[in-house]
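Engineer: Data file query07.pdb (PDB, C-alpha atoms and all ligand atoms) is appended below.
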ATOM      1  CA  MET A  57     -11.509  40.719 -26.865
ATOM      2  CA  GLN A  58     -13.494  41.948 -23.903
ATOM      3  CA  VAL A  59     -15.849  39.745 -21.917
ATOM      4  CA  ARG A  60     -18.340  40.605 -19.209
ATOM      5  CA  ILE A  61     -19.090  37.569 -17.076
ATOM      6  CA  THR A  62     -20.900  37.373 -13.754
ATOM      7  CA  VAL A  63     -19.157  34.829 -11.562
ATOM      8  CA  ASN A  64     -20.714  33.893  -8.233
ATOM      9  CA  GLY A  65     -22.792  37.059  -8.378
ATOM     10  CA  VAL A  66     -19.909  39.411  -9.125
ATOM     11  CA  GLU A  67     -19.578  40.950 -12.578
ATOM     12  CA  HIS A  68     -16.115  40.838 -14.133
ATOM     13  CA  VAL A  69     -14.974  42.692 -17.234
ATOM     14  CA  ASN A  70     -11.731  41.393 -18.683
ATOM     15  CA  GLU A  71      -9.616  41.536 -21.792
ATOM     16  CA  ILE A  72      -8.882  37.969 -22.834
ATOM     17  CA  GLU A  73      -7.569  36.048 -25.780
ATOM     18  CA  SER A  74     -10.453  34.720 -27.851
ATOM     19  CA  ARG A  75      -9.018  31.202 -27.559
ATOM     20  CA  GLN A  76      -9.010  31.203 -23.755
ATOM     21  CA  LEU A  77     -10.951  28.350 -22.176
ATOM     22  CA  LEU A  78     -13.418  29.046 -19.403
ATOM     23  CA  VAL A  79     -11.450  26.902 -16.948
ATOM     24  CA  HIS A  80      -8.357  29.045 -17.510
ATOM     25  CA  TYR A  81     -10.375  32.241 -17.298
ATOM     26  CA  LEU A  82     -11.659  31.162 -13.891
ATOM     27  CA  ARG A  83      -8.338  29.889 -12.578
ATOM     28  CA  THR A  84      -5.832  32.266 -14.145
ATOM     29  CA  THR A  85      -7.664  35.474 -14.952
ATOM     30  CA  LEU A  86      -9.902  35.498 -11.865
ATOM     31  CA  GLY A  87      -7.757  33.401  -9.525
ATOM     32  CA  LEU A  88     -10.659  31.095  -8.672
ATOM     33  CA  THR A  89      -8.624  27.919  -8.414
ATOM     34  CA  GLY A  90     -11.414  25.871  -6.875
ATOM     35  CA  THR A  91     -12.382  24.766 -10.373
ATOM     36  CA  HIS A  92      -9.757  22.138 -11.042
ATOM     37  CA  TRP A  93      -8.156  21.319 -14.368
ATOM     38  CA  GLY A  94      -7.395  17.677 -15.030
ATOM     39  CA  CYS A  95      -7.594  15.916 -18.380
ATOM     40  CA  ASP A  96      -8.365  18.922 -20.595
ATOM     41  CA  THR A  97     -10.232  16.528 -22.900
ATOM     42  CA  SER A  98     -13.728  16.471 -21.369
ATOM     43  CA  GLN A  99     -13.098  13.111 -19.722
ATOM     44  CA  CYS A 100     -12.611  13.635 -15.993
ATOM     45  CA  GLY A 101     -15.230  16.219 -15.029
ATOM     46  CA  THR A 102     -13.074  17.868 -12.391
ATOM     47  CA  CYS A 103     -13.557  21.229 -14.132
ATOM     48  CA  VAL A 104     -17.354  21.284 -13.832
ATOM     49  CA  ALA A 105     -18.910  24.639 -12.990
ATOM     50  CA  TRP A 106     -22.270  26.094 -13.899
ATOM     51  CA  LEU A 107     -22.884  28.205 -16.979
ATOM     52  CA  ASP A 108     -26.136  29.959 -16.192
ATOM     53  CA  GLU A 109     -27.990  27.143 -14.450
ATOM     54  CA  GLU A 110     -26.343  24.134 -16.090
ATOM     55  CA  PRO A 111     -23.175  22.213 -15.176
ATOM     56  CA  VAL A 112     -20.569  22.344 -17.945
ATOM     57  CA  LYS A 113     -17.073  21.002 -18.365
ATOM     58  CA  THR A 114     -15.257  24.303 -18.424
ATOM     59  CA  CYS A 115     -12.280  22.835 -20.276
ATOM     60  CA  THR A 116     -14.471  22.509 -23.333
ATOM     61  CA  VAL A 117     -16.136  25.932 -23.153
ATOM     62  CA  LEU A 118     -14.504  29.097 -24.410
ATOM     63  CA  ALA A 119     -14.563  32.007 -21.984
ATOM     64  CA  ALA A 120     -15.973  34.026 -24.856
ATOM     65  CA  MET A 121     -19.021  31.757 -24.844
ATOM     66  CA  ALA A 122     -19.741  32.891 -21.286
ATOM     67  CA  ASP A 123     -19.775  36.554 -22.281
ATOM     68  CA  GLY A 124     -22.987  38.051 -20.933
ATOM     69  CA  HIS A 125     -23.752  34.946 -18.903
ATOM     70  CA  ARG A 126     -23.567  33.802 -15.290
ATOM     71  CA  VAL A 127     -21.065  31.300 -13.964
ATOM     72  CA  ARG A 128     -21.190  29.581 -10.594
ATOM     73  CA  THR A 129     -18.111  27.874  -9.252
ATOM     74  CA  VAL A 130     -17.388  25.877  -6.115
ATOM     75  CA  GLU A 131     -16.412  29.134  -4.418
ATOM     76  CA  GLY A 132     -20.043  30.155  -4.853
ATOM     77  CA  LEU A 133     -21.505  27.143  -3.029
ATOM     78  CA  ALA A 134     -21.143  28.399   0.520
ATOM     79  CA  ASP A 135     -23.223  31.310   1.763
ATOM     80  CA  GLY A 136     -20.569  33.239   3.648
ATOM     81  CA  ALA A 137     -19.579  31.086   6.603
ATOM     82  CA  THR A 138     -22.492  28.713   6.004
ATOM     83  CA  LEU A 139     -21.460  25.725   3.962
ATOM     84  CA  ASP A 140     -23.794  24.264   1.389
ATOM     85  CA  PRO A 141     -25.308  20.943   2.540
ATOM     86  CA  VAL A 142     -23.349  19.263  -0.258
ATOM     87  CA  GLN A 143     -20.098  20.487   1.267
ATOM     88  CA  VAL A 144     -21.262  19.308   4.682
ATOM     89  CA  GLY A 145     -22.179  15.941   3.186
ATOM     90  CA  PHE A 146     -18.714  15.447   1.723
ATOM     91  CA  MET A 147     -17.234  16.234   5.124
ATOM     92  CA  ALA A 148     -19.635  14.039   7.075
ATOM     93  CA  GLU A 149     -19.319  11.007   4.790
ATOM     94  CA  HIS A 150     -15.636  11.410   3.929
ATOM     95  CA  GLY A 151     -16.535  11.827   0.270
ATOM     96  CA  LEU A 152     -13.004  12.646  -0.752
ATOM     97  CA  GLN A 153      -9.407  11.647  -0.289
ATOM     98  CA  CYS A 154      -7.116  13.829  -2.422
ATOM     99  CA  GLY A 155      -9.967  16.242  -3.197
ATOM    100  CA  PHE A 156      -9.049  16.747  -6.831
ATOM    101  CA  CYS A 157     -12.398  15.647  -8.219
ATOM    102  CA  THR A 158     -14.357  17.201  -5.363
ATOM    103  CA  PRO A 159     -15.260  20.652  -6.718
ATOM    104  CA  GLY A 160     -16.758  19.212  -9.871
ATOM    105  CA  MET A 161     -18.543  16.471  -7.951
ATOM    106  CA  MET A 162     -20.071  19.027  -5.615
ATOM    107  CA  MET A 163     -21.236  21.301  -8.428
ATOM    108  CA  THR A 164     -22.908  18.360 -10.139
ATOM    109  CA  ALA A 165     -24.439  17.210  -6.860
ATOM    110  CA  ARG A 166     -25.848  20.655  -6.114
ATOM    111  CA  HIS A 167     -27.454  20.763  -9.551
ATOM    112  CA  LEU A 168     -28.922  17.289  -9.067
ATOM    113  CA  LEU A 169     -30.390  18.129  -5.664
ATOM    114  CA  ASP A 170     -31.837  21.390  -6.934
ATOM    115  CA  HIS A 171     -33.814  19.371  -9.471
ATOM    116  CA  ASP A 172     -34.349  16.148  -7.499
ATOM    117  CA  PRO A 173     -34.193  16.761  -3.739
ATOM    118  CA  ASP A 174     -34.385  13.064  -2.848
ATOM    119  CA  PRO A 175     -32.462  11.074  -5.466
ATOM    120  CA  ASP A 176     -31.875   7.364  -5.033
ATOM    121  CA  GLU A 177     -28.446   5.810  -5.357
ATOM    122  CA  ALA A 178     -28.875   4.935  -9.031
ATOM    123  CA  THR A 179     -29.868   8.507  -9.841
ATOM    124  CA  ILE A 180     -26.834   9.884  -8.013
ATOM    125  CA  ARG A 181     -24.516   7.478  -9.812
ATOM    126  CA  GLU A 182     -26.038   8.472 -13.136
ATOM    127  CA  ALA A 183     -25.636  12.180 -12.312
ATOM    128  CA  ILE A 184     -21.918  11.834 -11.547
ATOM    129  CA  SER A 185     -21.233   9.350 -14.325
ATOM    130  CA  GLY A 186     -19.396  11.979 -16.342
ATOM    131  CA  GLN A 187     -16.863  12.459 -13.600
ATOM    132  CA  ILE A 188     -13.904  10.416 -12.486
ATOM    133  CA  CYS A 189     -12.667   9.941  -8.954
ATOM    134  CA  ARG A 190      -9.465   7.981  -8.621
ATOM    135  CA  CYS A 191      -9.575   7.841  -4.819
ATOM    136  CA  THR A 192     -12.834   6.905  -3.187
ATOM    137  CA  GLY A 193     -14.454   4.315  -5.443
ATOM    138  CA  TYR A 194     -17.611   6.468  -5.392
ATOM    139  CA  GLU A 195     -19.201   4.789  -2.375
ATOM    140  CA  ASN A 196     -18.550   7.681  -0.029
ATOM    141  CA  ILE A 197     -19.344  10.229  -2.714
ATOM    142  CA  VAL A 198     -22.784   8.694  -3.179
ATOM    143  CA  ARG A 199     -23.273   8.672   0.598
ATOM    144  CA  ALA A 200     -22.196  12.322   0.718
ATOM    145  CA  VAL A 201     -24.842  13.313  -1.795
ATOM    146  CA  ARG A 202     -27.456  11.269   0.081
ATOM    147  CA  HIS A 203     -26.426  13.044   3.279
ATOM    148  CA  ALA A 204     -26.894  16.396   1.566
ATOM    149  CA  ALA A 205     -30.307  15.299   0.300
ATOM    150  CA  GLY A 206     -31.314  14.699   3.895
ATOM    151  CA  HIS A 207     -30.183  18.182   4.873
ATOM    152  CA  PRO A 208     -31.571  20.383   2.104
ATOM    153  CA  SER A 209     -31.438  23.671   3.945
ATOM    154  CA  HIS A 210     -30.028  23.296   7.390
ATOM    155  CA  PRO A 211     -27.826  26.260   8.253
ATOM    156  CA  SER A 212     -26.770  24.717  11.535
ATOM    157  CA  ASP A 213     -25.088  21.936   9.556
ATOM    158  CA  ALA A 214     -22.230  24.326   9.027
ATOM    159  CA  ALA A 215     -21.699  25.028  12.721
ATOM    160  CA  GLY A 216     -18.038  24.944  13.517
ATOM    161  CA  ALA A 217     -17.045  24.573   9.888
ATOM    162  CA  ASP A 218     -14.575  26.758   8.068
ATOM    163  CA  PRO A 219     -15.976  28.421   4.924
ATOM    164  CA  ALA A 220     -12.807  27.363   3.055
ATOM    165  CA  THR A 221     -13.518  29.991   0.492
ATOM    166  CA  ASP A 222     -10.708  29.297  -1.929
ATOM    167  CA  GLY A 223     -12.248  25.946  -2.777
ATOM    168  CA  ASP A 224      -8.964  24.261  -3.617
ATOM    169  CA  SER A 225      -8.148  20.748  -2.426
ATOM    170  CA  ALA A 226      -9.161  21.710   1.107
ATOM    171  CA  VAL A 227     -12.478  23.029  -0.121
ATOM    172  CA  VAL A 228     -14.617  21.176   2.344
ATOM    173  CA  GLY A 229     -12.488  22.031   5.342
ATOM    174  CA  GLU A 230      -9.843  20.374   7.434
ATOM    175  CA  PRO A 231     -10.369  16.729   8.404
ATOM    176  CA  SER A 232     -10.060  17.578  12.083
ATOM    177  CA  GLN A 233     -13.124  19.803  12.050
ATOM    178  CA  GLU A 234     -16.095  18.645  14.033
ATOM    179  CA  VAL A 235     -18.856  17.452  11.735
ATOM    180  CA  PRO A 236     -22.475  17.050  12.758
ATOM    181  CA  ALA A 237     -24.001  13.591  12.405
TER     182      ALA A 237
HETATM  183  S1  LIG A 301     -10.379  18.973 -17.153
HETATM  184 FE1  LIG A 301     -12.344  19.241 -18.013
HETATM  185  S2  LIG A 301     -13.194  17.253 -18.128
HETATM  186 FE2  LIG A 301     -11.161  16.936 -17.371
HETATM  187  S1  LIG A 302     -10.950  12.365  -4.092
HETATM  188 FE1  LIG A 302      -9.124  12.086  -5.245
HETATM  189  S2  LIG A 302      -9.805  12.023  -7.299
HETATM  190 FE2  LIG A 302     -11.618  12.036  -6.150
END
Kindly return the structure encoded in the file as C-alpha cells.
Ligand code: FES
Ligand code: FES
Structural biologist:
Amino acid sequence: MQVRITVNGVEHVNEIESRQLLVHYLRTTLGLTGTHWGCDTSQCGTCVAWLDEEPVKTCTVLAAMADGHRVRTVEGLADGATLDPVQVGFMAEHGLQCGFCTPGMMMTARHLLDHDPDPDEATIREAISGQICRCTGYENIVRAVRHAAGHPSHPSDAAGADPATDGDSAVVGEPSQEVPA
C-alpha cells in the first residue's frame, strides 16, 4: 500500500507493507534512527514520537494509521543548529547515560512543556511515567526537564552545541561539549 506521511515537515510517499509499524517505517524506510525500538510491547516508551500533536508509542501504531498525518521525531526537535531547550537541558543536567531512552523522553518532555511551561516535579514524573530509563534513576531526567522549563525559548542556549541531527544515542551531543549553566 502507499502512504503519504509528513515527517518533521517533509512529505514522504512510500510503498509499505500494510503490517509495518510506525517505528519501523521511521527507522527502516526513512532511516530516522533517532526513534529507538526497545520492548516492542508498549512498555518502555523509547519509541515515542508525535503523531500530529500527540506523543504515541510508535511500536503500537501502524504506519498506515499515519497516512495523511504529521509525525514529529527527535530529529525534528532542533531548529537547524539550534538545539531545543529540552536537548540543552539533558546536556546541562546529564539527563542520560546510555541514551537509549532519551529520544522518547525528550519528545514527551517537549509535549509537556508545550502544554505546561512550568511543571513541578510531580507533574514531570507523571508525564514520563510511561517510559523506562534503566540508567539514571530519573533524578537527572527530571532536572533536565526543569532546566528546559527555565529556558523556554533561548536560542543562545545552543551556542557551541552540535545539532547532532541523526538523533541516535549521541542525540544531545558529545559529553565534552561546553554547556551553558
Ligand atoms: S519499543 Fe515501543 S514502548 Fe518499547
Ligand atoms: S539513559 Fe540509558 S536507558 Fe535511559
Engineer: Can I get the residues close to ligand LIG 301 (chain A) as a ChimeraX atom specification, where close means within 9 Å and we count all atoms listed in the file?
Structural biologist: /A:79,92-104,112-116,186-188
Engineer: Using the selection just defined, write its residues with C-alpha atoms as a short mmCIF file (atom, residue, chain, number, x, y, z; two decimals), keeping the file's coordinate frame.
Structural biologist:
data_model
loop_
_atom_site.label_atom_id
_atom_site.label_comp_id
_atom_site.auth_asym_id
_atom_site.auth_seq_id
_atom_site.Cartn_x
_atom_site.Cartn_y
_atom_site.Cartn_z
CA VAL A 79 -11.45 26.90 -16.95
CA HIS A 92 -9.76 22.14 -11.04
CA TRP A 93 -8.16 21.32 -14.37
CA GLY A 94 -7.40 17.68 -15.03
CA CYS A 95 -7.59 15.92 -18.38
CA ASP A 96 -8.36 18.92 -20.60
CA THR A 97 -10.23 16.53 -22.90
CA SER A 98 -13.73 16.47 -21.37
CA GLN A 99 -13.10 13.11 -19.72
CA CYS A 100 -12.61 13.64 -15.99
CA GLY A 101 -15.23 16.22 -15.03
CA THR A 102 -13.07 17.87 -12.39
CA CYS A 103 -13.56 21.23 -14.13
CA VAL A 104 -17.35 21.28 -13.83
CA VAL A 112 -20.57 22.34 -17.94
CA LYS A 113 -17.07 21.00 -18.36
CA THR A 114 -15.26 24.30 -18.42
CA CYS A 115 -12.28 22.84 -20.28
CA THR A 116 -14.47 22.51 -23.33
CA GLY A 186 -19.40 11.98 -16.34
CA GLN A 187 -16.86 12.46 -13.60
CA ILE A 188 -13.90 10.42 -12.49
#
Engineer: Rank A:His150, A:Arg128, A:His167, A:His207 by their smallest atom-to-atom distance to A:Gly90, using all atoms listed in the file, and report the top residue only.
Structural biologist: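 Distance minimum relative to A:Gly90 lands on A:Arg128.
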Engineer: So how many Å separate atom CA of A:Gly87 and atom CA of A:Val117, to one decimal?
Structural biologist: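 Atom CA of A:Gly87 sits 17.7 Å away from atom CA of A:Val117.
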Engineer: Do you know which residues are within 10 Å of ligand LIG 302 (chain A) using all atoms listed in the file? Can you write them as a list in words?
Structural biologist: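 Listed by chain and ascending number, the contacts are Gly94, Cys100, Thr102, His150, Gly151, Leu152, Gln153, Cys154, Gly155, Phe156, Cys157, Thr158, Pro159, Gly160, Met161, Gln187, Ile188, Cys189, Arg190, Cys191, Thr192, Gly193, Tyr194, Asn196, Ile197 and Ser225 of chain A.
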Engineer: So which residues get picked by the PyMOL selection byres (((chain A and resi 164) around 9) and not hetatm) here, written as a ChimeraX atom specification?
Structural biologist: /A:104-106,110-111,159-163,165-169,183-184
Engineer: Using 6 Å of padding on each side, determine the axis-aligned box around all atoms of stretch 117-136 of chain A present in the file and give its centre and edge lengths in Å to one decimal, as JSON.
Structural biologist:
{"center_x": -19.1, "center_y": 32.0, "center_z": -10.6, "size_x": 21.2, "size_y": 24.2, "size_z": 40.5}
Engineer: Suppose you want the space between atom CA of A:Val198 and atom CA of A:Leu78; what is it in Å?
Structural biologist: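 Separation of atom CA of A:Val198 and atom CA of A:Leu78: 27.7 Å.
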Engineer: Take the PyMOL selection byres (((chain A and resi 126) around 7) and not hetatm), run it mentally on this structure, and tell me the resulting residues as a list in words.
Structural biologist: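 After applying the PyMOL selection byres (((chain A and resi 126) around 7) and not hetatm), what remains is Ile61, Thr62, Val63, Leu107, Asp108, His125, Val127 and Arg128 of chain A.
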Engineer: So, with all atoms listed in the file as the atoms that count, which of A:Tyr81, A:Ile72, A:Thr89, A:Asp170 lies closest to A:Asp140?
Structural biologist: A:Asp170
Engineer: Using all atoms listed in the file and a cutoff of 9 Å, can you tell me which residues are near (-31.6, 12.9, 1.9) in the file's coordinates, and write them out as an NGL selection string?
Structural biologist: :A and (173-176 or 201-208)
Engineer: Can you pull out the residues contacting A:Ser74? Cut-off 8 Å, using all atoms listed in the file, and skip same-chain residues under 6 positions away; I want them as a PyMOL selection string.
Structural biologist: chain A and resi 57+118-120
Engineer: Could you work out how far atom CA of A:Glu109 lies from atom CA of A:Gly65, giving the answer in Å with one decimal?
Structural biologist: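 A separation of 12.7 Å between them.
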Engineer: Could you check the closest approach to A:Leu88 for each of A:Ala200, A:Val142, A:Val130, A:Ala178 and tell me which residue wins, using all atoms listed in the file?
Structural biologist: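 Among A:Ala200, A:Val142, A:Val130, A:Ala178, it is A:Val130 that comes nearest to A:Leu88.
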